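Structure data follow from start14.json (JSON, C-alpha atoms):
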[["chain", "number", "residue", "atom", "x", "y", "z"],
["A", 1, "MET", "CA", 68.21, 84.09, -6.23],
["A", 2, "ASN", "CA", 71.43, 85.70, -5.01],
["A", 3, "SER", "CA", 71.89, 86.83, -1.43],
["A", 4, "ALA", "CA", 71.80, 90.54, -2.28],
["A", 5, "HIS", "CA", 68.42, 90.11, -3.98],
["A", 6, "ALA", "CA", 67.13, 88.05, -1.04],
["A", 7, "LYS", "CA", 68.00, 90.84, 1.38],
["A", 8, "THR", "CA", 65.99, 93.39, -0.56],
["A", 9, "THR", "CA", 62.93, 91.20, -1.24],
["A", 10, "ALA", "CA", 60.08, 92.21, 1.05],
["A", 11, "ARG", "CA", 58.09, 89.47, 2.77],
["A", 12, "ARG", "CA", 54.41, 89.54, 1.90],
["A", 13, "LEU", "CA", 52.67, 88.98, 5.22],
["A", 14, "PRO", "CA", 49.28, 89.85, 6.69],
["A", 15, "PRO", "CA", 49.23, 92.43, 9.52],
["A", 16, "LEU", "CA", 50.59, 91.00, 12.78],
["A", 17, "ASN", "CA", 47.38, 91.65, 14.75],
["A", 18, "MET", "CA", 45.42, 89.45, 12.35],
["A", 19, "LEU", "CA", 47.93, 86.64, 12.75],
["A", 20, "ARG", "CA", 48.02, 86.94, 16.54],
["A", 21, "ALA", "CA", 44.22, 86.84, 16.80],
["A", 22, "PHE", "CA", 43.90, 83.75, 14.61],
["A", 23, "GLU", "CA", 46.83, 81.92, 16.23],
["A", 24, "ALA", "CA", 45.55, 82.55, 19.77],
["A", 25, "ALA", "CA", 41.93, 81.60, 18.98],
["A", 26, "ALA", "CA", 42.98, 78.46, 17.08],
["A", 27, "ARG", "CA", 45.51, 77.40, 19.73],
["A", 28, "LEU", "CA", 43.08, 77.97, 22.62],
["A", 29, "GLU", "CA", 40.09, 76.73, 20.61],
["A", 30, "SER", "CA", 38.16, 79.73, 21.92],
["A", 31, "VAL", "CA", 37.62, 83.34, 20.88],
["A", 32, "THR", "CA", 36.88, 84.19, 24.53],
["A", 33, "LEU", "CA", 40.20, 82.84, 25.83],
["A", 34, "ALA", "CA", 42.06, 84.46, 22.93],
["A", 35, "ALA", "CA", 40.53, 87.82, 23.84],
["A", 36, "GLN", "CA", 41.64, 87.36, 27.45],
["A", 37, "GLU", "CA", 45.18, 86.46, 26.42],
["A", 38, "LEU", "CA", 45.49, 89.39, 24.01],
["A", 39, "HIS", "CA", 43.69, 91.85, 26.35],
["A", 40, "VAL", "CA", 41.13, 92.84, 23.72],
["A", 41, "THR", "CA", 37.41, 92.25, 23.25],
["A", 42, "GLN", "CA", 35.94, 89.10, 21.72],
["A", 43, "SER", "CA", 34.53, 91.15, 18.85],
["A", 44, "ALA", "CA", 38.03, 92.50, 18.13],
["A", 45, "VAL", "CA", 39.40, 88.96, 17.84],
["A", 46, "SER", "CA", 36.54, 87.90, 15.57],
["A", 47, "HIS", "CA", 37.04, 91.01, 13.41],
["A", 48, "GLN", "CA", 40.78, 90.31, 13.02],
["A", 49, "ILE", "CA", 40.13, 86.68, 12.04],
["A", 50, "LYS", "CA", 37.57, 87.73, 9.43],
["A", 51, "ALA", "CA", 40.00, 90.33, 8.11],
["A", 52, "LEU", "CA", 42.71, 87.66, 7.84],
["A", 53, "GLU", "CA", 40.35, 85.35, 5.95],
["A", 54, "THR", "CA", 39.61, 88.20, 3.54],
["A", 55, "TRP", "CA", 43.32, 88.96, 3.14],
["A", 56, "LEU", "CA", 44.12, 85.31, 2.40],
["A", 57, "GLY", "CA", 41.01, 84.63, 0.38],
["A", 58, "VAL", "CA", 40.23, 81.37, 2.23],
["A", 59, "PRO", "CA", 38.10, 80.47, 5.28],
["A", 60, "LEU", "CA", 40.14, 79.55, 8.37],
["A", 61, "VAL", "CA", 37.57, 78.86, 11.08],
["A", 62, "GLN", "CA", 34.18, 77.26, 11.37],
["A", 63, "ARG", "CA", 31.82, 78.96, 13.79],
["A", 64, "SER", "CA", 29.00, 77.00, 15.41],
["A", 65, "GLY", "CA", 27.37, 78.38, 18.55],
["A", 66, "ARG", "CA", 30.06, 79.01, 21.15],
["A", 67, "GLY", "CA", 32.53, 76.59, 19.61],
["A", 68, "LEU", "CA", 35.33, 77.32, 17.20],
["A", 69, "GLY", "CA", 36.76, 74.78, 14.77],
["A", 70, "LEU", "CA", 39.30, 75.01, 11.98],
["A", 71, "THR", "CA", 38.81, 74.49, 8.30],
["A", 72, "ALA", "CA", 41.34, 72.39, 6.41],
["A", 73, "GLU", "CA", 43.14, 75.59, 5.45],
["A", 74, "GLY", "CA", 43.11, 76.85, 9.04],
["A", 75, "ALA", "CA", 44.45, 73.55, 10.39],
["A", 76, "ALA", "CA", 47.26, 73.63, 7.83],
["A", 77, "TYR", "CA", 48.09, 77.27, 8.63],
["A", 78, "LEU", "CA", 48.19, 76.99, 12.44],
["A", 79, "PRO", "CA", 51.35, 74.87, 13.00],
["A", 80, "GLY", "CA", 53.56, 77.20, 10.98],
["A", 81, "LEU", "CA", 52.18, 80.29, 12.72],
["A", 82, "ARG", "CA", 52.52, 78.73, 16.15],
["A", 83, "SER", "CA", 56.11, 77.74, 15.46],
["A", 84, "ALA", "CA", 56.88, 81.25, 14.20],
["A", 85, "PHE", "CA", 55.37, 82.88, 17.31],
["A", 86, "ASP", "CA", 57.23, 80.43, 19.57],
["A", 87, "GLN", "CA", 60.50, 81.35, 17.85],
["A", 88, "MET", "CA", 59.77, 85.06, 18.22],
["A", 89, "ALA", "CA", 58.94, 84.56, 21.91],
["A", 90, "SER", "CA", 62.16, 82.64, 22.49],
["A", 91, "ALA", "CA", 64.24, 85.23, 20.65],
["A", 92, "THR", "CA", 62.59, 88.01, 22.65],
["A", 93, "ALA", "CA", 63.21, 86.19, 25.94],
["A", 94, "ARG", "CA", 66.89, 85.72, 25.07],
["A", 95, "VAL", "CA", 67.27, 89.45, 24.45],
["A", 96, "GLN", "CA", 65.21, 90.46, 27.50],
["A", 97, "ARG", "CA", 66.78, 88.09, 29.99],
["A", 98, "PRO", "CA", 69.88, 90.17, 30.75],
["A", 99, "LEU", "CA", 67.66, 93.20, 31.30],
["A", 100, "ARG", "CA", 64.95, 91.46, 33.33],
["A", 101, "GLY", "CA", 67.27, 89.49, 35.55],
["A", 102, "LYS", "CA", 66.04, 86.29, 37.15],
["A", 103, "THR", "CA", 62.25, 86.22, 36.76],
["A", 104, "LEU", "CA", 59.71, 83.49, 37.42],
["A", 105, "SER", "CA", 56.01, 84.00, 36.73],
["A", 106, "VAL", "CA", 53.66, 81.75, 38.70],
["A", 107, "ASN", "CA", 49.87, 81.46, 38.51],
["A", 108, "SER", "CA", 47.88, 79.68, 41.23],
["A", 109, "MET", "CA", 44.37, 79.36, 42.59],
["A", 110, "ALA", "CA", 43.63, 81.86, 45.36],
["A", 111, "SER", "CA", 42.97, 79.35, 48.17],
["A", 112, "LEU", "CA", 46.11, 77.28, 47.61],
["A", 113, "SER", "CA", 48.15, 80.49, 47.41],
["A", 114, "ALA", "CA", 46.75, 81.83, 50.69],
["A", 115, "GLN", "CA", 46.87, 78.59, 52.70],
["A", 116, "TRP", "CA", 50.01, 76.89, 51.44],
["A", 117, "LEU", "CA", 52.08, 78.56, 48.73],
["A", 118, "ILE", "CA", 52.62, 82.01, 50.24],
["A", 119, "PRO", "CA", 53.58, 80.69, 53.70],
["A", 120, "GLN", "CA", 56.08, 78.34, 52.01],
["A", 121, "LEU", "CA", 57.41, 80.73, 49.38],
["A", 122, "ALA", "CA", 60.09, 82.30, 51.57],
["A", 123, "GLY", "CA", 61.75, 78.88, 51.68],
["A", 124, "PHE", "CA", 62.05, 78.76, 47.90],
["A", 125, "CYS", "CA", 63.42, 82.30, 47.73],
["A", 126, "ALA", "CA", 66.04, 81.32, 50.32],
["A", 127, "GLU", "CA", 67.03, 78.23, 48.31],
["A", 128, "VAL", "CA", 67.19, 80.13, 45.01],
["A", 129, "PRO", "CA", 68.22, 83.68, 45.98],
["A", 130, "GLY", "CA", 67.83, 86.57, 43.61],
["A", 131, "VAL", "CA", 64.80, 85.23, 41.73],
["A", 132, "ASP", "CA", 62.07, 87.78, 41.00],
["A", 133, "VAL", "CA", 58.91, 85.71, 41.66],
["A", 134, "GLN", "CA", 55.78, 87.19, 40.10],
["A", 135, "LEU", "CA", 52.75, 85.46, 41.67],
["A", 136, "ALA", "CA", 49.27, 85.91, 40.22],
["A", 137, "THR", "CA", 46.06, 84.27, 41.43],
["A", 138, "THR", "CA", 43.00, 83.41, 39.40],
["A", 139, "LEU", "CA", 39.50, 81.99, 39.84],
["A", 140, "SER", "CA", 39.33, 79.65, 36.85],
["A", 141, "ALA", "CA", 40.63, 76.09, 37.21],
["A", 142, "THR", "CA", 40.64, 75.32, 33.48],
["A", 143, "GLY", "CA", 39.79, 78.49, 31.52],
["A", 144, "PHE", "CA", 43.32, 79.81, 31.16],
["A", 145, "ASP", "CA", 46.29, 79.47, 28.84],
["A", 146, "PRO", "CA", 48.97, 77.29, 30.49],
["A", 147, "ALA", "CA", 51.61, 78.98, 28.32],
["A", 148, "ALA", "CA", 50.84, 82.43, 29.73],
["A", 149, "TYR", "CA", 53.00, 81.82, 32.84],
["A", 150, "ASP", "CA", 56.23, 79.95, 33.49],
["A", 151, "VAL", "CA", 54.47, 77.71, 36.02],
["A", 152, "SER", "CA", 50.79, 77.35, 36.86],
["A", 153, "ILE", "CA", 49.30, 75.37, 39.75],
["A", 154, "ARG", "CA", 45.91, 73.70, 39.50],
["A", 155, "CYS", "CA", 43.90, 70.94, 41.21],
["A", 156, "PHE", "CA", 42.31, 68.18, 39.12],
["A", 157, "THR", "CA", 40.74, 64.76, 39.26],
["A", 158, "ASP", "CA", 42.32, 62.15, 37.00],
["A", 159, "SER", "CA", 39.45, 62.39, 34.52],
["A", 160, "GLU", "CA", 39.58, 66.21, 34.41],
["A", 161, "LEU", "CA", 43.29, 66.12, 33.69],
["A", 162, "ALA", "CA", 42.88, 63.49, 30.96],
["A", 163, "ALA", "CA", 40.27, 65.68, 29.23],
["A", 164, "LEU", "CA", 42.47, 68.78, 29.46],
["A", 165, "ARG", "CA", 45.44, 66.98, 27.91],
["A", 166, "GLN", "CA", 43.35, 66.55, 24.75],
["A", 167, "ARG", "CA", 43.02, 70.32, 24.32],
["A", 168, "ALA", "CA", 45.51, 72.06, 22.07],
["A", 169, "PRO", "CA", 46.99, 74.47, 24.65],
["A", 170, "TRP", "CA", 47.79, 71.58, 27.01],
["A", 171, "ARG", "CA", 49.46, 69.13, 24.64],
["A", 172, "ASP", "CA", 52.99, 70.50, 25.00],
["A", 173, "VAL", "CA", 53.04, 71.39, 28.69],
["A", 174, "VAL", "CA", 55.09, 69.50, 31.27],
["A", 175, "LEU", "CA", 53.35, 68.75, 34.56],
["A", 176, "GLY", "CA", 53.73, 66.84, 37.80],
["A", 177, "ALA", "CA", 51.70, 66.03, 40.91],
["A", 178, "PHE", "CA", 52.89, 67.46, 44.21],
["A", 179, "LEU", "CA", 50.17, 67.90, 46.86],
["A", 180, "PRO", "CA", 47.07, 65.73, 47.48],
["A", 181, "ASN", "CA", 43.90, 67.76, 47.94],
["A", 182, "THR", "CA", 42.53, 65.97, 51.01],
["A", 183, "LEU", "CA", 39.45, 67.56, 52.56],
["A", 184, "THR", "CA", 37.93, 66.94, 55.99],
["A", 185, "PRO", "CA", 35.78, 69.05, 58.36],
["A", 186, "VAL", "CA", 37.69, 71.64, 60.41],
["A", 187, "CYS", "CA", 36.36, 73.85, 63.18],
["A", 188, "SER", "CA", 37.47, 76.03, 66.09],
["A", 189, "PRO", "CA", 37.76, 74.74, 69.68],
["A", 190, "GLN", "CA", 34.61, 76.71, 70.56],
["A", 191, "VAL", "CA", 32.54, 74.99, 67.87],
["A", 192, "LEU", "CA", 33.99, 71.61, 68.82],
["A", 193, "ALA", "CA", 33.04, 72.11, 72.47],
["A", 194, "ALA", "CA", 29.54, 73.48, 71.80],
["A", 195, "GLN", "CA", 26.44, 71.44, 72.56],
["A", 196, "PRO", "CA", 25.27, 69.09, 71.20],
["A", 197, "PRO", "CA", 28.73, 67.53, 70.77],
["A", 198, "LEU", "CA", 30.17, 66.51, 67.43],
["A", 199, "ALA", "CA", 30.08, 62.83, 68.30],
["A", 200, "ASP", "CA", 28.84, 61.52, 64.96],
["A", 201, "PRO", "CA", 29.19, 62.79, 61.35],
["A", 202, "ALA", "CA", 25.44, 63.44, 61.24],
["A", 203, "ASP", "CA", 25.93, 66.04, 63.98],
["A", 204, "VAL", "CA", 27.46, 68.48, 61.47],
["A", 205, "LEU", "CA", 23.99, 68.89, 59.96],
["A", 206, "SER", "CA", 22.86, 70.81, 63.06],
["A", 207, "ARG", "CA", 25.76, 73.28, 62.80],
["A", 208, "THR", "CA", 26.54, 76.07, 60.35],
["A", 209, "LEU", "CA", 28.47, 74.71, 57.38],
["A", 210, "LEU", "CA", 30.89, 77.11, 55.68],
["A", 211, "HIS", "CA", 30.84, 76.80, 51.92],
["A", 212, "SER", "CA", 32.65, 78.29, 48.91],
["A", 213, "ARG", "CA", 31.47, 79.11, 45.40],
["A", 214, "SER", "CA", 34.82, 77.97, 44.02],
["A", 215, "THR", "CA", 34.16, 74.39, 45.25],
["A", 216, "PRO", "CA", 30.36, 74.12, 45.18],
["A", 217, "MET", "CA", 30.01, 70.33, 45.51],
["A", 218, "VAL", "CA", 32.51, 69.42, 48.21],
["A", 219, "TRP", "CA", 30.10, 69.42, 51.15],
["A", 220, "GLN", "CA", 27.67, 67.23, 49.21],
["A", 221, "ASP", "CA", 30.54, 64.90, 48.37],
["A", 222, "TRP", "CA", 31.66, 64.71, 52.00],
["A", 223, "LEU", "CA", 28.11, 64.08, 53.26],
["A", 224, "ALA", "CA", 27.81, 61.27, 50.70],
["A", 225, "LEU", "CA", 31.12, 59.83, 51.95],
["A", 226, "ALA", "CA", 29.70, 59.91, 55.50],
["A", 227, "GLY", "CA", 26.52, 58.13, 54.39],
["A", 228, "LEU", "CA", 24.43, 61.28, 54.62],
["A", 229, "ALA", "CA", 23.79, 61.96, 50.93],
["A", 230, "ALA", "CA", 20.04, 62.52, 51.40],
["A", 231, "GLN", "CA", 20.47, 64.93, 54.33],
["A", 232, "GLN", "CA", 20.44, 68.73, 54.20],
["A", 233, "PRO", "CA", 22.40, 71.00, 56.58],
["A", 234, "ARG", "CA", 20.48, 73.40, 58.79],
["A", 235, "HIS", "CA", 22.42, 76.47, 57.72],
["A", 236, "LEU", "CA", 25.00, 77.35, 55.04],
["A", 237, "VAL", "CA", 27.22, 80.44, 54.80],
["A", 238, "THR", "CA", 28.84, 80.87, 51.39],
["A", 239, "PHE", "CA", 32.12, 82.62, 50.52],
["A", 240, "ASP", "CA", 33.87, 83.34, 47.23],
["A", 241, "HIS", "CA", 36.95, 81.24, 48.06],
["A", 242, "ALA", "CA", 37.62, 78.12, 50.10],
["A", 243, "HIS", "CA", 40.32, 79.82, 52.18],
["A", 244, "LEU", "CA", 37.79, 82.43, 53.33],
["A", 245, "ALA", "CA", 35.52, 79.63, 54.56],
["A", 246, "VAL", "CA", 38.45, 78.18, 56.51],
["A", 247, "GLN", "CA", 39.25, 81.60, 57.97],
["A", 248, "ALA", "CA", 35.63, 81.89, 59.10],
["A", 249, "ALA", "CA", 36.02, 78.48, 60.76],
["A", 250, "VAL", "CA", 39.04, 79.82, 62.68],
["A", 251, "GLN", "CA", 36.80, 82.66, 63.90],
["A", 252, "GLY", "CA", 34.23, 80.17, 65.21],
["A", 253, "MET", "CA", 31.50, 80.80, 62.64],
["A", 254, "GLY", "CA", 30.97, 77.13, 61.81],
["A", 255, "ILE", "CA", 32.53, 74.09, 60.14],
["A", 256, "ALA", "CA", 34.50, 74.27, 56.89],
["A", 257, "LEU", "CA", 36.15, 71.63, 54.74],
["A", 258, "GLY", "CA", 39.92, 72.08, 54.73],
["A", 259, "ASN", "CA", 43.08, 70.29, 53.69],
["A", 260, "PRO", "CA", 45.04, 69.21, 56.81],
["A", 261, "LEU", "CA", 48.23, 69.22, 54.73],
["A", 262, "GLN", "CA", 47.71, 72.93, 54.08],
["A", 263, "LEU", "CA", 46.55, 73.77, 57.61],
["A", 264, "ARG", "CA", 49.35, 72.23, 59.64],
["A", 265, "GLU", "CA", 50.08, 75.39, 61.62],
["A", 266, "GLU", "CA", 46.43, 76.06, 62.48],
["A", 267, "LEU", "CA", 45.95, 72.44, 63.59],
["A", 268, "ALA", "CA", 49.23, 72.27, 65.54],
["A", 269, "SER", "CA", 48.45, 75.52, 67.39],
["A", 270, "GLY", "CA", 44.91, 74.45, 68.26],
["A", 271, "LEU", "CA", 43.21, 77.16, 66.20],
["A", 272, "LEU", "CA", 41.46, 74.38, 64.28],
["A", 273, "HIS", "CA", 40.46, 70.80, 65.01],
["A", 274, "THR", "CA", 39.42, 67.90, 62.78],
["A", 275, "PRO", "CA", 36.43, 66.19, 64.45],
["A", 276, "PHE", "CA", 36.28, 63.35, 61.91],
["A", 277, "PRO", "CA", 39.81, 62.88, 60.53],
["A", 278, "ALA", "CA", 39.05, 59.40, 59.18],
["A", 279, "LEU", "CA", 36.38, 60.80, 56.84],
["A", 280, "THR", "CA", 38.53, 62.52, 54.24],
["A", 281, "LEU", "CA", 37.79, 63.27, 50.59],
["A", 282, "CYS", "CA", 40.82, 62.71, 48.38],
["A", 283, "ASP", "CA", 39.83, 62.59, 44.71],
["A", 284, "ARG", "CA", 41.89, 65.57, 43.53],
["A", 285, "THR", "CA", 45.58, 66.36, 43.31],
["A", 286, "ASN", "CA", 47.48, 69.62, 42.88],
["A", 287, "TYR", "CA", 49.73, 69.75, 39.82],
["A", 288, "TRP", "CA", 52.47, 72.10, 38.71],
["A", 289, "ILE", "CA", 52.15, 72.92, 35.01],
["A", 290, "MET", "CA", 55.24, 74.19, 33.21],
["A", 291, "ALA", "CA", 54.79, 76.12, 29.97],
["A", 292, "PRO", "CA", 56.71, 74.73, 26.97],
["A", 293, "GLN", "CA", 58.90, 77.82, 26.72],
["A", 294, "ALA", "CA", 59.77, 77.58, 30.45],
["A", 295, "THR", "CA", 61.41, 74.15, 30.22],
["A", 296, "HIS", "CA", 64.73, 75.92, 29.51],
["A", 297, "ASN", "CA", 64.27, 78.33, 32.43],
["A", 298, "PRO", "CA", 66.36, 76.95, 35.32],
["A", 299, "HIS", "CA", 64.30, 78.90, 37.85],
["A", 300, "ALA", "CA", 61.06, 77.30, 36.63],
["A", 301, "VAL", "CA", 62.67, 73.86, 36.79],
["A", 302, "ALA", "CA", 63.98, 74.57, 40.30],
["A", 303, "PHE", "CA", 60.56, 75.83, 41.42],
["A", 304, "CYS", "CA", 58.76, 72.68, 40.23],
["A", 305, "ALA", "CA", 61.35, 70.48, 41.93],
["A", 306, "TRP", "CA", 60.87, 72.53, 45.12],
["A", 307, "LEU", "CA", 57.08, 72.06, 44.91],
["A", 308, "GLU", "CA", 57.50, 68.30, 44.66],
["A", 309, "ARG", "CA", 59.88, 68.17, 47.63],
["A", 310, "HIS", "CA", 57.77, 70.35, 49.91],
["A", 311, "GLY", "CA", 54.37, 69.15, 48.72],
["A", 312, "SER", "CA", 54.92, 65.40, 48.89],
["A", 313, "LEU", "CA", 53.39, 63.33, 51.67],
["A", 314, "GLN", "CA", 56.91, 62.56, 52.90],
["A", 315, "ALA", "CA", 57.36, 66.28, 53.67],
["A", 316, "PHE", "CA", 54.51, 66.25, 56.22]]
Represent the structure of the file as structure tokens.
Amino acid sequence: MNSAHAKTTARRLPPLNMLRAFEAAARLESVTLAAQELHVTQSAVSHQIKALETWLGVPLVQRSGRGLGLTAEGAAYLPGLRSAFDQMASATARVQRPLRGKTLSVNSMASLSAQWLIPQLAGFCAEVPGVDVQLATTLSATGFDPAAYDVSIRCFTDSELAALRQRAPWRDVVLGAFLPNTLTPVCSPQVLAAQPPLADPADVLSRTLLHSRSTPMVWQDWLALAGLAAQQPRHLVTFDHAHLAVQAAVQGMGIALGNPLQLREELASGLLHTPFPALTLCDRTNYWIMAPQATHNPHAVAFCAWLERHGSLQAF
């Protein structure tokens, strides 16, 4: 085929929306997550995948309950589509970059953002001036696409992280640990001084414990660490986020579990105290997660290096 003929030969391709729906659902192994990424309904994603199967004349996915698996044809189709979309994304970013300037998209959990990242962020902006940081917070620790942002920040146990690395969206990300998630009881001076005194870990059971839906098991874990696994607190107040529970502790409402590494200013100023600093949970670590396409973004690389410098134990 000569070059002139090649230029005039039309490519026979399915509609782009069909391809995007299948690629996202197959990559994320979930119709629900694909719908979130594409900002459409789950039924729209399912409809586009069925339409693509009809267009191709072969089944691509196997549906069983809430799960989504690939047929042999679907598994063979996905790598080529993913590579093509990655190339299109890279080409688009190269064209957009001069227009967008220096941008860095970051996604983090709400409590870490409120207690640690936002107070520290001015330091990064001073080190790397001119960067347009776009910070988004989210509730889900695992139900998100790590390629949707340049850098995401999440907190995991070793076993949780090992399981995530087996999932398709996580296999190509780059990540690093930067801040231990140590948790110990924190309370205001008024609560600390109230009677009866907080002389023994069991004394917390007579006070109001401040709890969060985002970390539902941490008080049970801490009570087990203190040898009080079979005991029940007198009163619980529950908040949506852990940082709201800590803020309520500052106001004297009760005792929360907080990370002393994230609450240095509150502890140094006397707004909060740690009555039992030796009893500290530390089974989770915060990680930065860099999307595959962000590895060539110098601002993303600089941000992750900054996280490691300012979130290491040596920085405290």
Within 7 Å of His235 (chain A) using all atoms listed in the file, minus same-chain residues under 2 positions, as an NGL selection string
:A and (207-209 or 233 or 237)
Distance cut-off 12 Å, centre (44.3, 69.6, 25.0) in file coordinates, counting only C-alpha atoms: which residues qualify? Return them as a short mmCIF file (atom, residue, chain, number, x, y, z; two decimals) with C-alpha atoms, in the coordinates of the input.
data_model
loop_
_atom_site.label_atom_id
_atom_site.label_comp_id
_atom_site.auth_asym_id
_atom_site.auth_seq_id
_atom_site.Cartn_x
_atom_site.Cartn_y
_atom_site.Cartn_z
CA ALA A 26 42.98 78.46 17.08
CA ARG A 27 45.51 77.40 19.73
CA LEU A 28 43.08 77.97 22.62
CA GLU A 29 40.09 76.73 20.61
CA THR A 142 40.64 75.32 33.48
CA GLY A 143 39.79 78.49 31.52
CA PHE A 144 43.32 79.81 31.16
CA ASP A 145 46.29 79.47 28.84
CA PRO A 146 48.97 77.29 30.49
CA GLU A 160 39.58 66.21 34.41
CA LEU A 161 43.29 66.12 33.69
CA ALA A 162 42.88 63.49 30.96
CA ALA A 163 40.27 65.68 29.23
CA LEU A 164 42.47 68.78 29.46
CA ARG A 165 45.44 66.98 27.91
CA GLN A 166 43.35 66.55 24.75
CA ARG A 167 43.02 70.32 24.32
CA ALA A 168 45.51 72.06 22.07
CA PRO A 169 46.99 74.47 24.65
CA TRP A 170 47.79 71.58 27.01
CA ARG A 171 49.46 69.13 24.64
CA ASP A 172 52.99 70.50 25.00
CA VAL A 173 53.04 71.39 28.69
#
CA of Asp240 (chain A) sits from CA of Leu210 (chain A) at a separation of 10.9 Å
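In this structure, CA of Ala25 (chain A) sits 8.8 Å away from CA of Ile49 (chain A).
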Could you jot down the CA of Leu263 (chain A) to CA of Asp221 (chain A) separation for me, Å, one decimal place?
20.5 Å
Which of A:Ala24, A:Cys155, A:Ala224, A:Pro15 sits closest to Ala110 (chain A) [using only C-alpha atoms]
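Checking each of A:Ala24, A:Cys155, A:Ala224, A:Pro15 against Ala110 (chain A), counting only C-alpha atoms, the winner is A:Cys155.
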Looking at A:Met18, A:Ala194, A:Ala177, A:Leu56, which one is nearest to Trp288 (chain A), with distances taken over only C-alpha atoms?
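The answer is A:Ala177, which sits nearest to Trp288 (chain A).
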Excluding Pro189 (chain A) and residues on its chain fewer than 6 positions from it, collect all residues at most 9 Å away from it, counting all atoms listed in the file, and give them as an MDAnalysis selection string.
chainID A and resid 250 252 270:273
Could you write out the selected residues, including C-alpha atoms, as a CSV table (one decimal), in the coordinates of the input?
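So the final result, stored in again_26.csv, reads:
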chain,number,residue,atom,x,y,z
A,250,VAL,CA,39.0,79.8,62.7
A,252,GLY,CA,34.2,80.2,65.2
A,270,GLY,CA,44.9,74.4,68.3
A,271,LEU,CA,43.2,77.2,66.2
A,272,LEU,CA,41.5,74.4,64.3
A,273,HIS,CA,40.5,70.8,65.0
Determine the nearest neighbour of Ala89 (chain A) from the options A:Ala148, A:Cys187, A:Ala51, A:Ala248, counting all atoms listed in the file.
A:Ala148
Restricting the calculation to only C-alpha atoms: of A:Leu279, A:Val218, A:Ile153, A:Val45, which residue gets closest to Ala256 (chain A)?
A:Val218
Could you list as a ChimeraX atom specification every residue that has an atom within 12 Å of (36.9, 61.4, 47.2), using the file's coordinates and counting only C-alpha atoms?
/A:156-158,180-184,217-226,279-285
Keeping only C-alpha atoms, write the selected residues as a PDB file, in the frame of the given file.
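Saved file out_24.pdb follows:
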ATOM      1  CA  PHE A 156      42.310  68.180  39.120  1.00  0.00           C
ATOM      2  CA  THR A 157      40.740  64.760  39.260  1.00  0.00           C
ATOM      3  CA  ASP A 158      42.320  62.150  37.000  1.00  0.00           C
ATOM      4  CA  PRO A 180      47.070  65.730  47.480  1.00  0.00           C
ATOM      5  CA  ASN A 181      43.900  67.760  47.940  1.00  0.00           C
ATOM      6  CA  THR A 182      42.530  65.970  51.010  1.00  0.00           C
ATOM      7  CA  LEU A 183      39.450  67.560  52.560  1.00  0.00           C
ATOM      8  CA  THR A 184      37.930  66.940  55.990  1.00  0.00           C
ATOM      9  CA  MET A 217      30.010  70.330  45.510  1.00  0.00           C
ATOM     10  CA  VAL A 218      32.510  69.420  48.210  1.00  0.00           C
ATOM     11  CA  TRP A 219      30.100  69.420  51.150  1.00  0.00           C
ATOM     12  CA  GLN A 220      27.670  67.230  49.210  1.00  0.00           C
ATOM     13  CA  ASP A 221      30.540  64.900  48.370  1.00  0.00           C
ATOM     14  CA  TRP A 222      31.660  64.710  52.000  1.00  0.00           C
ATOM     15  CA  LEU A 223      28.110  64.080  53.260  1.00  0.00           C
ATOM     16  CA  ALA A 224      27.810  61.270  50.700  1.00  0.00           C
ATOM     17  CA  LEU A 225      31.120  59.830  51.950  1.00  0.00           C
ATOM     18  CA  ALA A 226      29.700  59.910  55.500  1.00  0.00           C
ATOM     19  CA  LEU A 279      36.380  60.800  56.840  1.00  0.00           C
ATOM     20  CA  THR A 280      38.530  62.520  54.240  1.00  0.00           C
ATOM     21  CA  LEU A 281      37.790  63.270  50.590  1.00  0.00           C
ATOM     22  CA  CYS A 282      40.820  62.710  48.380  1.00  0.00           C
ATOM     23  CA  ASP A 283      39.830  62.590  44.710  1.00  0.00           C
ATOM     24  CA  ARG A 284      41.890  65.570  43.530  1.00  0.00           C
ATOM     25  CA  THR A 285      45.580  66.360  43.310  1.00  0.00           C
TER      26      THR A 285
END
Just checking: using all atoms listed in the file, which residue out of A:His310, A:Ser269, A:Asp86, A:Gly227 ends up closest to Asp200 (chain A)?
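Checking each candidate against Asp200 (chain A), we get A:Gly227 as the closest.
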Kindly provide the residues of region 204-311 of chain A that approach region 122-140 of chain A to within 10 Å, each paired with its closest atom pair and their distance in Å to one decimal, based on all atoms listed in the file, listed by chain and increasing number, as a Markdown table.
| residue | atom | partner | partner_atom | distance |
| --- | --- | --- | --- | --- |
| A:Ser214 | CA | A:Leu139 | CA | 7.5 |
| A:Asp240 | CA | A:Leu139 | CA | 9.4 |
| A:His241 | CA | A:Leu139 | CA | 8.6 |
| A:His299 | CA | A:Val131 | CA | 7.4 |
| A:Ala302 | CA | A:Val128 | CA | 8.0 |
| A:Phe303 | CA | A:Phe124 | CA | 7.3 |
| A:Trp306 | CA | A:Phe124 | CA | 6.9 |
| A:Leu307 | CA | A:Phe124 | CA | 8.9 |
| A:His310 | CA | A:Gly123 | CA | 9.6 |
Could you put an axis-aligned box around every listed atom of region 266-273 of chain A, padded by 3 Å on each side, and send me its centre and edge lengths in Å to one decimal, as AutoDock Vina command-line options?
--center_x 44.8 --center_y 74.0 --center_z 65.4 --size_x 14.8 --size_y 12.4 --size_z 11.8
So which one's closest to Thr103 (chain A), A:Ala249, A:Ala268, A:Val151, A:Val204? Using all atoms listed in the file, please.
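Among the listed residues, A:Val151 lies closest to Thr103 (chain A).
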